[in-house]
Every structure is written in structure tokens, then in C-alpha cells.
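> To be precise about what I am sending: the file is called final_9.cif and holds mmCIF, C-alpha atoms and all ligand atoms.
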```cif
data_start
#
loop_
_atom_site.group_PDB
_atom_site.id
_atom_site.type_symbol
_atom_site.label_atom_id
_atom_site.label_comp_id
_atom_site.auth_asym_id
_atom_site.auth_seq_id
_atom_site.Cartn_x
_atom_site.Cartn_y
_atom_site.Cartn_z
ATOM 1 C CA MET M 1 0.000 0.000 0.000
ATOM 2 C CA ASN M 2 1.274 3.480 -0.890
ATOM 3 C CA ALA M 3 1.966 5.265 2.431
ATOM 4 C CA LYS M 4 1.584 8.751 0.918
ATOM 5 C CA LEU M 5 -1.862 7.892 -0.464
ATOM 6 C CA VAL M 6 -2.975 6.344 2.836
ATOM 7 C CA GLU M 7 -1.816 9.452 4.707
ATOM 8 C CA ARG M 8 -3.787 11.701 2.353
ATOM 9 C CA PHE M 9 -6.977 9.641 1.915
ATOM 10 C CA GLU M 10 -7.473 7.560 5.084
ATOM 11 C CA GLY M 11 -10.770 8.520 6.703
ATOM 12 C CA ARG M 12 -11.639 10.963 3.879
ATOM 13 C CA THR M 13 -15.119 11.045 2.406
ATOM 14 C CA ALA M 14 -15.588 10.774 -1.355
ATOM 15 C CA ILE M 15 -18.394 10.606 -3.891
ATOM 16 C CA VAL M 16 -17.569 8.897 -7.192
ATOM 17 C CA THR M 17 -20.177 9.298 -9.932
ATOM 18 C CA GLY M 18 -20.265 6.610 -12.593
ATOM 19 C CA GLY M 19 -18.741 4.339 -9.949
ATOM 20 C CA GLY M 20 -20.438 1.218 -11.281
ATOM 21 C CA SER M 21 -18.020 0.611 -14.141
ATOM 22 C CA GLY M 22 -14.616 1.335 -15.643
ATOM 23 C CA ILE M 23 -12.681 4.308 -14.293
ATOM 24 C CA GLY M 24 -15.252 5.042 -11.555
ATOM 25 C CA ALA M 25 -15.133 1.443 -10.329
ATOM 26 C CA ALA M 26 -11.318 1.537 -10.291
ATOM 27 C CA LEU M 27 -11.394 4.861 -8.432
ATOM 28 C CA THR M 28 -13.803 3.446 -5.843
ATOM 29 C CA ALA M 29 -11.532 0.432 -5.304
ATOM 30 C CA ALA M 30 -8.374 2.569 -5.116
ATOM 31 C CA LEU M 31 -9.965 4.930 -2.572
ATOM 32 C CA VAL M 32 -11.250 2.084 -0.395
ATOM 33 C CA GLY M 33 -7.797 0.496 -0.680
ATOM 34 C CA VAL M 34 -6.229 3.564 0.961
ATOM 35 C CA GLY M 35 -8.831 3.842 3.717
ATOM 36 C CA ALA M 36 -11.385 6.311 2.328
ATOM 37 C CA GLN M 37 -15.145 6.226 2.856
ATOM 38 C CA VAL M 38 -16.731 6.202 -0.598
ATOM 39 C CA TRP M 39 -20.225 6.707 -1.986
ATOM 40 C CA CYS M 40 -20.160 4.781 -5.252
ATOM 41 C CA ALA M 41 -22.940 6.478 -7.235
ATOM 42 C CA ASP M 42 -24.267 5.259 -10.542
ATOM 43 C CA ILE M 43 -27.464 5.352 -12.578
ATOM 44 C CA ASP M 44 -27.014 1.568 -12.664
ATOM 45 C CA LEU M 45 -27.453 0.675 -8.981
ATOM 46 C CA ALA M 46 -26.881 -3.051 -9.566
ATOM 47 C CA ALA M 47 -23.485 -2.276 -11.131
ATOM 48 C CA ALA M 48 -22.533 0.003 -8.213
ATOM 49 C CA LYS M 49 -23.583 -2.707 -5.744
ATOM 50 C CA ALA M 50 -21.468 -5.294 -7.559
ATOM 51 C CA VAL M 51 -18.415 -2.990 -7.389
ATOM 52 C CA VAL M 52 -18.908 -2.311 -3.693
ATOM 53 C CA SER M 53 -19.556 -5.922 -2.714
ATOM 54 C CA ALA M 54 -16.202 -6.996 -4.198
ATOM 55 C CA LEU M 55 -14.236 -4.609 -1.935
ATOM 56 C CA THR M 56 -12.767 -5.630 1.393
ATOM 57 C CA GLY M 57 -11.303 -2.448 2.858
ATOM 58 C CA PRO M 58 -9.530 -1.020 4.752
ATOM 59 C CA GLY M 59 -11.901 1.819 3.824
ATOM 60 C CA SER M 60 -15.589 1.377 3.114
ATOM 61 C CA ALA M 61 -17.991 1.962 0.242
ATOM 62 C CA GLU M 62 -21.728 2.363 -0.135
ATOM 63 C CA ALA M 63 -23.571 1.944 -3.427
ATOM 64 C CA VAL M 64 -26.150 4.605 -4.290
ATOM 65 C CA ALA M 65 -28.446 5.141 -7.247
ATOM 66 C CA LEU M 66 -27.782 8.508 -8.869
ATOM 67 C CA ASP M 67 -28.590 10.058 -12.209
ATOM 68 C CA VAL M 68 -26.167 12.988 -12.568
ATOM 69 C CA THR M 69 -28.584 14.766 -14.913
ATOM 70 C CA ASP M 70 -30.928 15.164 -11.925
ATOM 71 C CA ALA M 71 -29.590 18.258 -10.135
ATOM 72 C CA ALA M 72 -31.853 17.793 -7.108
ATOM 73 C CA ALA M 73 -30.726 14.180 -6.646
ATOM 74 C CA VAL M 74 -27.056 15.183 -6.801
ATOM 75 C CA GLN M 75 -27.702 17.907 -4.206
ATOM 76 C CA ILE M 76 -29.535 15.461 -1.910
ATOM 77 C CA LEU M 77 -26.660 12.952 -2.057
ATOM 78 C CA VAL M 78 -24.003 15.594 -1.350
ATOM 79 C CA ASP M 79 -26.028 17.113 1.518
ATOM 80 C CA ASP M 80 -26.631 13.637 2.952
ATOM 81 C CA VAL M 81 -22.916 12.787 2.929
ATOM 82 C CA VAL M 82 -22.100 16.102 4.636
ATOM 83 C CA ALA M 83 -24.898 15.578 7.203
ATOM 84 C CA ARG M 84 -23.708 12.063 8.023
ATOM 85 C CA SER M 85 -19.946 12.631 7.934
ATOM 86 C CA GLY M 86 -19.597 16.323 8.713
ATOM 87 C CA LYS M 87 -17.809 16.971 5.401
ATOM 88 C CA LEU M 88 -17.263 15.932 1.827
ATOM 89 C CA ASP M 89 -13.541 15.821 1.055
ATOM 90 C CA LEU M 90 -13.542 14.583 -2.527
ATOM 91 C CA MET M 91 -16.066 14.947 -5.330
ATOM 92 C CA PHE M 92 -15.256 12.831 -8.401
ATOM 93 C CA ASN M 93 -17.502 13.994 -11.259
ATOM 94 C CA ASN M 94 -16.717 11.016 -13.422
ATOM 95 C CA ALA M 95 -19.945 9.704 -14.985
ATOM 96 C CA GLY M 96 -19.964 10.125 -18.735
ATOM 97 C CA ILE M 97 -21.006 8.673 -22.054
ATOM 98 C CA VAL M 98 -19.540 8.719 -25.535
ATOM 99 C CA ILE M 99 -21.195 9.083 -28.916
ATOM 100 C CA GLY M 100 -19.036 8.328 -31.948
ATOM 101 C CA GLY M 101 -19.919 8.727 -35.603
ATOM 102 C CA GLU M 102 -20.436 11.312 -38.313
ATOM 103 C CA THR M 103 -21.988 14.464 -36.900
ATOM 104 C CA GLN M 104 -24.820 14.665 -39.441
ATOM 105 C CA LEU M 105 -26.128 11.316 -38.179
ATOM 106 C CA LEU M 106 -26.651 12.507 -34.602
ATOM 107 C CA THR M 107 -30.185 13.258 -33.480
ATOM 108 C CA LEU M 108 -30.877 16.281 -31.300
ATOM 109 C CA GLU M 109 -31.884 13.816 -28.577
ATOM 110 C CA GLN M 110 -28.364 12.358 -28.698
ATOM 111 C CA TRP M 111 -26.821 15.848 -28.560
ATOM 112 C CA ASN M 112 -28.985 16.769 -25.589
ATOM 113 C CA ARG M 113 -28.256 13.510 -23.773
ATOM 114 C CA ILE M 114 -24.475 13.846 -24.029
ATOM 115 C CA ILE M 115 -24.643 17.518 -23.006
ATOM 116 C CA ASP M 116 -26.901 16.610 -20.056
ATOM 117 C CA ILE M 117 -24.653 13.835 -18.744
ATOM 118 C CA ASN M 118 -21.163 15.031 -19.629
ATOM 119 C CA ILE M 119 -21.566 18.771 -18.997
ATOM 120 C CA ARG M 120 -24.615 19.241 -16.776
ATOM 121 C CA GLY M 121 -23.642 16.148 -14.742
ATOM 122 C CA VAL M 122 -20.349 17.848 -13.844
ATOM 123 C CA VAL M 123 -22.044 21.216 -13.276
ATOM 124 C CA HIS M 124 -24.499 19.555 -10.860
ATOM 125 C CA GLY M 125 -21.650 17.941 -8.922
ATOM 126 C CA VAL M 126 -19.736 21.215 -8.667
ATOM 127 C CA HIS M 127 -22.851 23.207 -7.787
ATOM 128 C CA ALA M 128 -23.725 20.812 -4.952
ATOM 129 C CA ALA M 129 -20.249 20.092 -3.532
ATOM 130 C CA TYR M 130 -18.276 23.332 -3.969
ATOM 131 C CA PRO M 131 -20.224 25.496 -1.443
ATOM 132 C CA HIS M 132 -19.720 22.817 1.249
ATOM 133 C CA MET M 133 -15.995 22.751 0.467
ATOM 134 C CA ILE M 134 -15.764 26.556 0.601
ATOM 135 C CA LYS M 135 -17.442 26.446 4.022
ATOM 136 C CA ALA M 136 -14.990 23.776 5.194
ATOM 137 C CA ARG M 137 -12.060 25.636 3.589
ATOM 138 C CA SER M 138 -10.911 22.306 2.188
ATOM 139 C CA GLY M 139 -11.802 19.686 -0.360
ATOM 140 C CA HIS M 140 -10.949 18.614 -3.886
ATOM 141 C CA ILE M 141 -13.091 18.375 -7.019
ATOM 142 C CA ILE M 142 -11.887 15.922 -9.650
ATOM 143 C CA ASN M 143 -13.592 16.090 -13.036
ATOM 144 C CA THR M 144 -13.082 13.333 -15.601
ATOM 145 C CA ALA M 145 -12.768 14.977 -19.017
ATOM 146 C CA SER M 146 -10.682 13.241 -21.709
ATOM 147 C CA ALA M 147 -7.833 13.797 -24.140
ATOM 148 C CA ALA M 148 -10.810 14.631 -26.401
ATOM 149 C CA GLY M 149 -11.206 17.725 -24.217
ATOM 150 C CA LEU M 150 -7.734 18.929 -25.248
ATOM 151 C CA MET M 151 -7.457 17.857 -28.896
ATOM 152 C CA ALA M 152 -10.559 17.949 -31.077
ATOM 153 C CA SER M 153 -11.127 14.816 -33.096
ATOM 154 C CA GLY M 154 -13.748 14.426 -35.801
ATOM 155 C CA LEU M 155 -16.272 11.568 -35.460
ATOM 156 C CA LEU M 156 -16.346 12.547 -31.760
ATOM 157 C CA THR M 157 -17.757 16.036 -32.266
ATOM 158 C CA SER M 158 -20.393 15.938 -29.532
ATOM 159 C CA TYR M 159 -18.046 14.160 -27.115
ATOM 160 C CA CYS M 160 -15.231 16.673 -27.761
ATOM 161 C CA ALA M 161 -17.633 19.586 -27.300
ATOM 162 C CA THR M 162 -18.641 18.294 -23.865
ATOM 163 C CA LYS M 163 -15.124 17.396 -22.753
ATOM 164 C CA PHE M 164 -13.676 20.772 -23.838
ATOM 165 C CA ALA M 165 -16.404 22.300 -21.656
ATOM 166 C CA VAL M 166 -15.329 20.171 -18.683
ATOM 167 C CA VAL M 167 -11.675 21.173 -19.147
ATOM 168 C CA GLY M 168 -12.644 24.860 -19.375
ATOM 169 C CA LEU M 169 -14.908 24.635 -16.347
ATOM 170 C CA SER M 170 -12.226 22.873 -14.318
ATOM 171 C CA ASN M 171 -9.351 25.201 -15.207
ATOM 172 C CA ALA M 172 -11.469 28.291 -14.553
ATOM 173 C CA LEU M 173 -12.806 26.956 -11.259
ATOM 174 C CA ARG M 174 -9.344 25.948 -10.097
ATOM 175 C CA SER M 175 -8.047 29.488 -10.374
ATOM 176 C CA GLU M 176 -10.787 30.896 -8.125
ATOM 177 C CA ALA M 177 -11.163 27.898 -5.751
ATOM 178 C CA VAL M 178 -7.586 28.113 -4.516
ATOM 179 C CA ARG M 179 -8.470 31.125 -2.336
ATOM 180 C CA TYR M 180 -10.829 28.858 -0.353
ATOM 181 C CA GLY M 181 -8.349 26.011 -0.002
ATOM 182 C CA VAL M 182 -10.292 23.916 -2.512
ATOM 183 C CA GLY M 183 -8.411 21.989 -5.207
ATOM 184 C CA VAL M 184 -9.594 21.186 -8.721
ATOM 185 C CA THR M 185 -8.040 18.585 -11.016
ATOM 186 C CA VAL M 186 -9.205 17.591 -14.486
ATOM 187 C CA ILE M 187 -8.464 14.122 -15.832
ATOM 188 C CA CYS M 188 -7.623 13.796 -19.537
ATOM 189 C CA PRO M 189 -6.763 10.257 -20.608
ATOM 190 C CA SER M 190 -6.743 8.757 -24.089
ATOM 191 C CA ALA M 191 -8.298 5.293 -24.474
ATOM 192 C CA VAL M 192 -8.742 3.448 -21.178
ATOM 193 C CA GLU M 193 -9.735 -0.224 -21.131
ATOM 194 C CA THR M 194 -13.367 0.117 -20.027
ATOM 195 C CA PRO M 195 -16.773 -0.855 -21.496
ATOM 196 C CA ILE M 196 -17.187 2.685 -22.890
ATOM 197 C CA LEU M 197 -14.907 1.722 -25.830
ATOM 198 C CA ASP M 198 -17.722 -0.502 -27.124
ATOM 199 C CA LYS M 199 -20.605 1.925 -26.495
ATOM 200 C CA GLY M 200 -22.215 4.845 -28.301
ATOM 201 C CA ALA M 201 -21.477 3.978 -31.949
ATOM 202 C CA VAL M 202 -23.618 5.781 -34.537
ATOM 203 C CA GLY M 203 -23.602 4.623 -38.166
ATOM 204 C CA ASN M 204 -20.442 2.674 -39.047
ATOM 205 C CA PHE M 205 -18.314 4.172 -36.270
ATOM 206 C CA ALA M 206 -15.540 1.711 -35.460
ATOM 207 C CA GLY M 207 -15.662 2.168 -31.654
ATOM 208 C CA ARG M 208 -12.766 0.395 -29.942
ATOM 209 C CA ASP M 209 -10.648 0.252 -33.161
ATOM 210 C CA PHE M 210 -11.085 4.005 -33.650
ATOM 211 C CA PHE M 211 -10.128 4.825 -30.056
ATOM 212 C CA LEU M 212 -7.080 2.565 -30.097
ATOM 213 C CA GLY M 213 -6.034 3.902 -33.518
ATOM 214 C CA ALA M 214 -2.339 3.363 -34.051
ATOM 215 C CA GLU M 215 -2.233 1.538 -30.701
ATOM 216 C CA LYS M 216 -4.524 -1.187 -32.112
ATOM 217 C CA SER M 217 -2.092 -3.985 -31.379
ATOM 218 C CA LYS M 218 -1.472 -2.687 -27.875
ATOM 219 C CA GLN M 219 -3.650 -2.529 -24.779
ATOM 220 C CA ALA M 220 -5.604 0.563 -23.851
ATOM 221 C CA TYR M 221 -4.575 2.185 -20.560
ATOM 222 C CA SER M 222 -5.503 0.230 -17.454
ATOM 223 C CA PRO M 223 -8.255 1.832 -15.308
ATOM 224 C CA GLU M 224 -6.504 0.608 -12.148
ATOM 225 C CA ARG M 225 -3.270 2.329 -13.144
ATOM 226 C CA LEU M 226 -5.195 5.486 -14.039
ATOM 227 C CA ALA M 227 -7.025 5.460 -10.682
ATOM 228 C CA THR M 228 -3.744 5.351 -8.744
ATOM 229 C CA GLU M 229 -2.356 8.160 -10.915
ATOM 230 C CA ILE M 230 -5.500 10.223 -10.284
ATOM 231 C CA LEU M 231 -5.073 9.880 -6.511
ATOM 232 C CA THR M 232 -1.394 10.832 -6.858
ATOM 233 C CA ALA M 233 -2.393 13.884 -8.933
ATOM 234 C CA VAL M 234 -4.778 14.925 -6.136
ATOM 235 C CA VAL M 235 -2.013 14.552 -3.523
ATOM 236 C CA LYS M 236 0.214 16.777 -5.677
ATOM 237 C CA ASP M 237 -2.703 19.136 -6.357
ATOM 238 C CA GLU M 238 -2.036 18.904 -10.091
ATOM 239 C CA PRO M 239 -4.293 21.045 -12.314
ATOM 240 C CA TRP M 240 -4.618 18.215 -14.847
ATOM 241 C CA LEU M 241 -3.594 14.644 -15.517
ATOM 242 C CA VAL M 242 -2.926 13.876 -19.187
ATOM 243 C CA VAL M 243 -2.031 10.253 -19.988
ATOM 244 C CA PRO M 244 -0.411 8.313 -21.540
ATOM 245 C CA ARG M 245 2.893 10.068 -22.235
ATOM 246 C CA LYS M 246 2.304 10.037 -26.003
ATOM 247 C CA THR M 247 -0.916 12.005 -25.505
ATOM 248 C CA ARG M 248 0.857 14.449 -23.188
ATOM 249 C CA ILE M 249 3.513 15.021 -25.873
ATOM 250 C CA GLY M 250 0.849 15.489 -28.596
ATOM 251 C CA TRP M 251 -1.029 17.954 -26.400
ATOM 252 C CA THR M 252 2.157 19.899 -25.619
ATOM 253 C CA ILE M 253 3.136 20.095 -29.307
ATOM 254 C CA GLY M 254 -0.429 21.144 -30.118
ATOM 255 C CA ARG M 255 -0.166 24.158 -27.826
ATOM 256 C CA PHE M 256 2.835 25.436 -29.808
ATOM 257 C CA ALA M 257 1.794 24.168 -33.245
ATOM 258 C CA PRO M 258 -1.994 23.716 -33.170
ATOM 259 C CA LYS M 259 -2.265 23.423 -36.959
ATOM 260 C CA PHE M 260 0.169 20.498 -37.010
ATOM 261 C CA ILE M 261 -1.978 18.484 -34.587
ATOM 262 C CA GLN M 262 -5.215 19.537 -36.314
ATOM 263 C CA ASN M 263 -3.833 18.349 -39.675
ATOM 264 C CA ARG M 264 -2.705 15.029 -38.165
ATOM 265 C CA LEU M 265 -6.163 14.473 -36.675
ATOM 266 C CA THR M 266 -7.809 15.420 -39.975
ATOM 267 C CA ARG M 267 -5.657 12.859 -41.791
ATOM 268 C CA TYR M 268 -6.538 10.215 -39.204
ATOM 269 C CA ILE M 269 -10.267 10.912 -39.529
ATOM 270 C CA ALA M 270 -9.998 10.861 -43.321
ATOM 271 C CA SER M 271 -8.386 7.433 -43.100
ATOM 272 C CA GLN M 272 -11.403 6.242 -41.082
ATOM 273 C CA SER M 273 -14.157 7.480 -43.363
ATOM 274 C CA PRO M 274 -14.103 7.172 -47.168
ATOM 275 C CA GLU M 275 -16.620 9.998 -47.490
ATOM 276 C CA LEU M 276 -14.457 12.420 -45.515
ATOM 277 C CA ALA M 277 -11.321 11.215 -47.302
ATOM 278 C CA ARG M 278 -12.903 12.136 -50.636
ATOM 279 C CA THR M 279 -13.780 15.620 -49.400
ATOM 280 C CA THR M 280 -10.230 16.161 -48.133
ATOM 281 C CA SER M 281 -8.448 15.030 -51.316
ATOM 282 C CA ASP M 282 -10.832 17.069 -53.525
ATOM 283 C CA ARG M 283 -9.585 20.262 -51.939
HETATM 284 N N1 LIG O 301 -12.497 4.729 -21.166
HETATM 285 C C1 LIG O 301 -11.939 5.682 -21.881
HETATM 286 O O1 LIG O 301 -11.288 5.406 -22.898
HETATM 287 C C2 LIG O 301 -12.062 7.117 -21.430
HETATM 288 C C3 LIG O 301 -11.084 8.023 -21.902
HETATM 289 C C4 LIG O 301 -11.192 9.359 -21.514
HETATM 290 C C5 LIG O 301 -12.218 9.759 -20.684
HETATM 291 N N2 LIG O 301 -13.142 8.862 -20.251
HETATM 292 C C6 LIG O 301 -14.211 9.348 -19.379
HETATM 293 O O2 LIG O 301 -14.155 8.635 -18.169
HETATM 294 C C7 LIG O 301 -15.451 8.635 -17.567
HETATM 295 C C8 LIG O 301 -15.796 7.223 -17.147
HETATM 296 O O3 LIG O 301 -15.888 6.441 -18.319
HETATM 297 P P1 LIG O 301 -15.568 4.873 -18.367
HETATM 298 O O4 LIG O 301 -14.586 4.664 -19.427
HETATM 299 O O5 LIG O 301 -15.304 4.366 -17.019
HETATM 300 O O6 LIG O 301 -16.980 4.376 -18.935
HETATM 301 P P2 LIG O 301 -17.970 3.229 -18.452
HETATM 302 O O7 LIG O 301 -19.022 3.187 -19.475
HETATM 303 O O8 LIG O 301 -17.206 1.995 -18.134
HETATM 304 O O9 LIG O 301 -18.552 3.817 -17.089
HETATM 305 C C9 LIG O 301 -19.391 4.939 -17.066
HETATM 306 C C10 LIG O 301 -20.349 4.789 -15.909
HETATM 307 O O10 LIG O 301 -21.160 5.975 -15.858
HETATM 308 C C11 LIG O 301 -22.488 5.573 -15.575
HETATM 309 N N3 LIG O 301 -23.433 6.597 -16.021
HETATM 310 C C12 LIG O 301 -23.822 6.870 -17.296
HETATM 311 N N4 LIG O 301 -24.757 7.834 -17.295
HETATM 312 C C13 LIG O 301 -24.956 8.185 -15.996
HETATM 313 C C14 LIG O 301 -25.796 9.125 -15.351
HETATM 314 N N5 LIG O 301 -26.657 9.891 -16.058
HETATM 315 N N6 LIG O 301 -25.723 9.234 -14.005
HETATM 316 C C15 LIG O 301 -24.874 8.455 -13.299
HETATM 317 N N7 LIG O 301 -24.083 7.520 -13.842
HETATM 318 C C16 LIG O 301 -24.111 7.402 -15.188
HETATM 319 C C17 LIG O 301 -22.672 4.250 -16.313
HETATM 320 O O11 LIG O 301 -23.765 3.510 -15.790
HETATM 321 C C18 LIG O 301 -21.326 3.598 -16.082
HETATM 322 O O12 LIG O 301 -21.330 2.807 -14.916
HETATM 323 C C19 LIG O 301 -16.397 9.249 -18.587
HETATM 324 O O13 LIG O 301 -16.629 10.596 -18.257
HETATM 325 C C20 LIG O 301 -15.621 9.140 -19.884
HETATM 326 O O14 LIG O 301 -16.018 10.111 -20.814
HETATM 327 C C21 LIG O 301 -13.077 7.549 -20.594
#
```
When written as C-alpha cells, how does the structure in this file appear?
Ligand SMILES: NC(=O)c1ccc[n+]([C@@H]2O[C@H](COP(=O)([O-])OP(=O)(O)OC[C@H]3O[C@@H](n4cnc5c(N)ncnc54)[C@H](O)[C@@H]3O)[C@@H](O)[C@H]2O)c1

Amino acid sequence: MNAKLVERFEGRTAIVTGGGSGIGAALTAALVGVGAQVWCADIDLAAAKAVVSALTGPGSAEAVALDVTDAAAVQILVDDVVARSGKLDLMFNNAGIVIGGETQLLTLEQWNRIIDINIRGVVHGVHAAYPHMIKARSGHIINTASAAGLMASGLLTSYCATKFAVVGLSNALRSEAVRYGVGVTVICPSAVETPILDKGAVGNFAGRDFFLGAEKSKQAYSPERLATEILTAVVKDEPWLVVPRKTRIGWTIGRFAPKFIQNRLTRYIASQSPELARTTSDR
């Protein structure tokens, strides 16, 4: 067990949204493993219960049903944790969905759903938890965005739009929250080995193959490894966590040479879709 993480998280209270699967499940396990008290919240209560029942401590976890698009429900959960424990130390706004495919194929219902979960879900978590943290003059908000919130990839237009919003919200909030002793960290990974890689395909979108791209032969990032790195980033009060290294390098280059990265992404998207490839070569 990592002594630094135990020192920082033992006895701390945490809410993890989207805790029933993937990154949220790994975060719940990592937090319980270093002695935290976790509310594992998911729209899929059975999944959250399954995650919690597999954990043995030394911390503890409780499964709760939560739809992050329901602002009142998020507020009730946060207030309940504060009433029962005296404080909420860590708010992980992690629940999210992906929609992949050509933008013209998306219905407005799909646009609204991804905006509701990926943006409003985070807004609801911040709106409910941040005032309690200001009052306590401590706490940390951790928002799961994505590398798609730093570099805009076609065929993920709605997803990128929501994740750029989460990065913007997090960076802006961080700069004003510091005066209250509240930390904010935004998480920006590329493909992580979770069920999301096989969800949300519209039209002929290639899902997992698209996300793994050039890494196709390799494994996506492990959620367990990411969870430990997220906790370490919180200990260090990092503004963001961008992984893996290759993504961090691409992001850094993109800040100095944005057109270079944009052109690379355009070429990659063109290679995925014959229709787009035709448009590109015609120009
Ligand atoms: N896996 C990746 O490659 C990857 C990469 C970058 C960012 N992310 C982000 O990480 C977060 C977690 O994704 P994951 O990969 O673990 O996916 P996942 O599909 O394995 O887990 C997402 C969880 O969120 C829950 N959820 C969905 N809608 C909800 C709602 N309205 N209210 C509450 N819970 C809801 C689902 O039931 C599920 O348990 C998401 O925000 C995702 O965008 C994932």
C-alpha cells in the first residue's frame, strides 16, 4: 500500500459518480484500498452494488443510485454525505457517455443527452459540492474529461464539445477555488480499457478500433493504473492529468503548433471514413 496515499486519503469522504463501471469502479476500489469512505454512485445501482460488494477495505464503500442529470438528486446525495460525515472531502464527477460517428447522423436527442450527462452532470456535482468545500475551507473536485477535451477529433464532435467544456470549467474553477483552499483537477486520458470503448457507436463508427487507432495492437490504458495516478495527482494538487505520455507530448506540441496536430487528426479521420477522405483530397 502506498503510504503517501494512505496518509492523504485515510478517513476521507468521497463521492464517485459513474462508480459502477470502468474508471469510476477503479477509483472506488483505489480509494477504499487507501482507507477512504466512498459513496459509489451510478445510474445503474446493480453495477454500483457489484463494485462495492467486491471490496474488502480497509476503507468502506456504499452503493447509491444517482442520475447525474438530476440536479436535485445530486444535491440530496451531497447534503446527505455532509450531514452524516460532517464533510465531503472529494467529489469525483466522473460519470460520462460517448457518442461516436459522423456528426450529421446525430439526433438532437443524442446531442442533448451527451450535453446533459457530460456537462450538466459535472455542473451539478460542482454546484452541490463546492459550497460545502468553501465552508470547510478544504476539499478537492476531480472532473473526468478526456484527451478529447484537449485535442478535437472528428467523429467525436459531440463528445469533444462536452469534454472541452469540462476542461474549461475545471481550469477556470481551479483558479478561483484556490483562495478557499479547494483543489480542482481535471483528468484527460486517451483510451482506457473500459466498457465505454464498445458503447455509443452511430452509423459505421468503429468504436474500440477508432479509439485505439495506431495503438490497435497494444492494450488501452488500465483503469486501475489510471485510478492510482489520479489519486497521486490529487495529492500533488495537479491542475490536470494527461495520460499516456504520447498524448501528453501530442497535447504539448499542439499548444505550440496547433495546426500540425489539427492536420494530423484530420488525416486520421480521413483514413477512417471514405466519405471524408474524398472531401479532403478534392480540396
Ligand atoms: N475509457 C476511456 O477510454 C475514457 C477516456 C477518456 C475519458 N473517459 C471518461 O471517463 C469517464 C468514465 O468512463 P468509463 O470509461 O469508465 O466508462 P464506463 O461506461 O465503463 O462507465 C461509465 C459509468 O457511468 C455511468 N453513467 C452513465 N450515465 C450516468 C448518469 N446519467 N448518471 C450516473 N451515472 C451514469 C454508467 O452507468 C457507467 O457505470 C467518462 O466521463 C468518460 O467520458 C473515458
> Within 7 Å of ligand LIG 301 (chain O) (counting all atoms listed in the file), which residues show up? I'd like them as number ranges by chain.
M: 17-24, 41-44, 47, 66-69, 94-98, 117-118, 144-147, 188-197
> Here's a test: counting only C-alpha atoms, identify every protein, DNA and RNA residue with an atom at most 8 Å from (-17.4, 8.0, -28.8) in the file's coordinate frame, and state them as a list in words.
Ile97, Val98, Ile99, Gly100, Gly101, Leu155, Leu156, Tyr159, Ile196, Leu197, Lys199, Gly200, Ala201 and Gly207 of chain M
> Which neighbours of M:Lys87 fall inside 8 Å, counting only C-alpha atoms, when residues of the same chain fewer than 3 positions from it are skipped, and could you give them as a list in words?
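After dropping sequence-adjacent residues, the list is Thr13, Val81, Val82, Ala83, His132, Met133 and Ala136 of chain M.
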> Determine, counting all atoms listed in the file, which protein, DNA and RNA residues have an atom within 12 Å of an atom of M:Glu229; residues of the same chain fewer than 5 positions away are not included. Present the result as an NGL selection string.
:M and (2 or 5 or 23 or 26-27 or 30-31 or 185 or 187-189 or 221-224 or 234-238 or 240-244)
> Convert the output of the PyMOL selection byres (((chain M and resi 161-163) around 7) and not hetatm) on the shown file into explicit residues, formatted as a VMD selection string.
chain M and resid 115 118 to 119 145 to 146 148 to 149 157 to 160 164 to 167
> From (-7.5, 15.2, -0.5), in the file's coordinates, out to 8 Å: which residues are reached, counting all atoms listed in the file? Answer as a ChimeraX atom specification.
/M:8-9,12,89-90,139-140,234-235
> Exactly which residues make up the result of the PyMOL selection byres (((chain M and resi 40) around 6) and not hetatm) on this file, given as a PyMOL selection string?
chain M and resi 16+19+38-39+41+62-63
> Using all atoms listed in the file, pick whichever of M:Ala177, M:Val122, M:Ala71, M:Ala152 has the shortest atom-to-atom distance to M:Gln262.
M:Ala152
> For each of M:Ala73, M:Leu173, M:Val32, M:Ala206, take the minimum atom-to-atom distance to M:His124, counting all atoms listed in the file, then give the residue where this is smallest.
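Closest to M:His124, using all atoms listed in the file: M:Ala73.
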> Find the residues around M:Ala128 up to 7 Å (all atoms listed in the file counted), leave out those fewer than 5 positions away in its own chain, and share them as a list in words.
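Counting all atoms listed in the file, the residues come to Val74, Gln75 and Val78 of chain M.
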> One decimal, Å: what's the distance from atom CA of M:Ser53 over to atom CA of M:Asn93, could you say?
21.8 Å
> Given only C-alpha atoms as the basis, pick out the residue of M:Met151, M:Phe210, M:Phe205, M:Arg179 nearest to M:Arg248.
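So, comparing all the options, the nearest one is M:Met151.
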> Could you please determine the separation between atom CA of M:Phe92 and atom CA of M:Ala65 in Å, to one decimal place?
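According to the coordinates, atom CA of M:Phe92 and atom CA of M:Ala65 are separated by 15.3 Å.
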> Can you spell out as a count of residues only the set of residues that the PyMOL selection byres (((chain M and resi 184) around 7) and not hetatm) selects in the structure I just provided?
10
> At what distance in Å, to one decimal, does atom CA of M:Ala29 lie from atom CA of M:Ala48?
11.4 Å
> With all atoms listed in the file as the atoms that count, which of M:Leu169, M:Gly154, M:Val202, M:Gln219 lies nearest to M:Tyr268?
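For M:Tyr268, the nearest of the given residues is M:Gly154.
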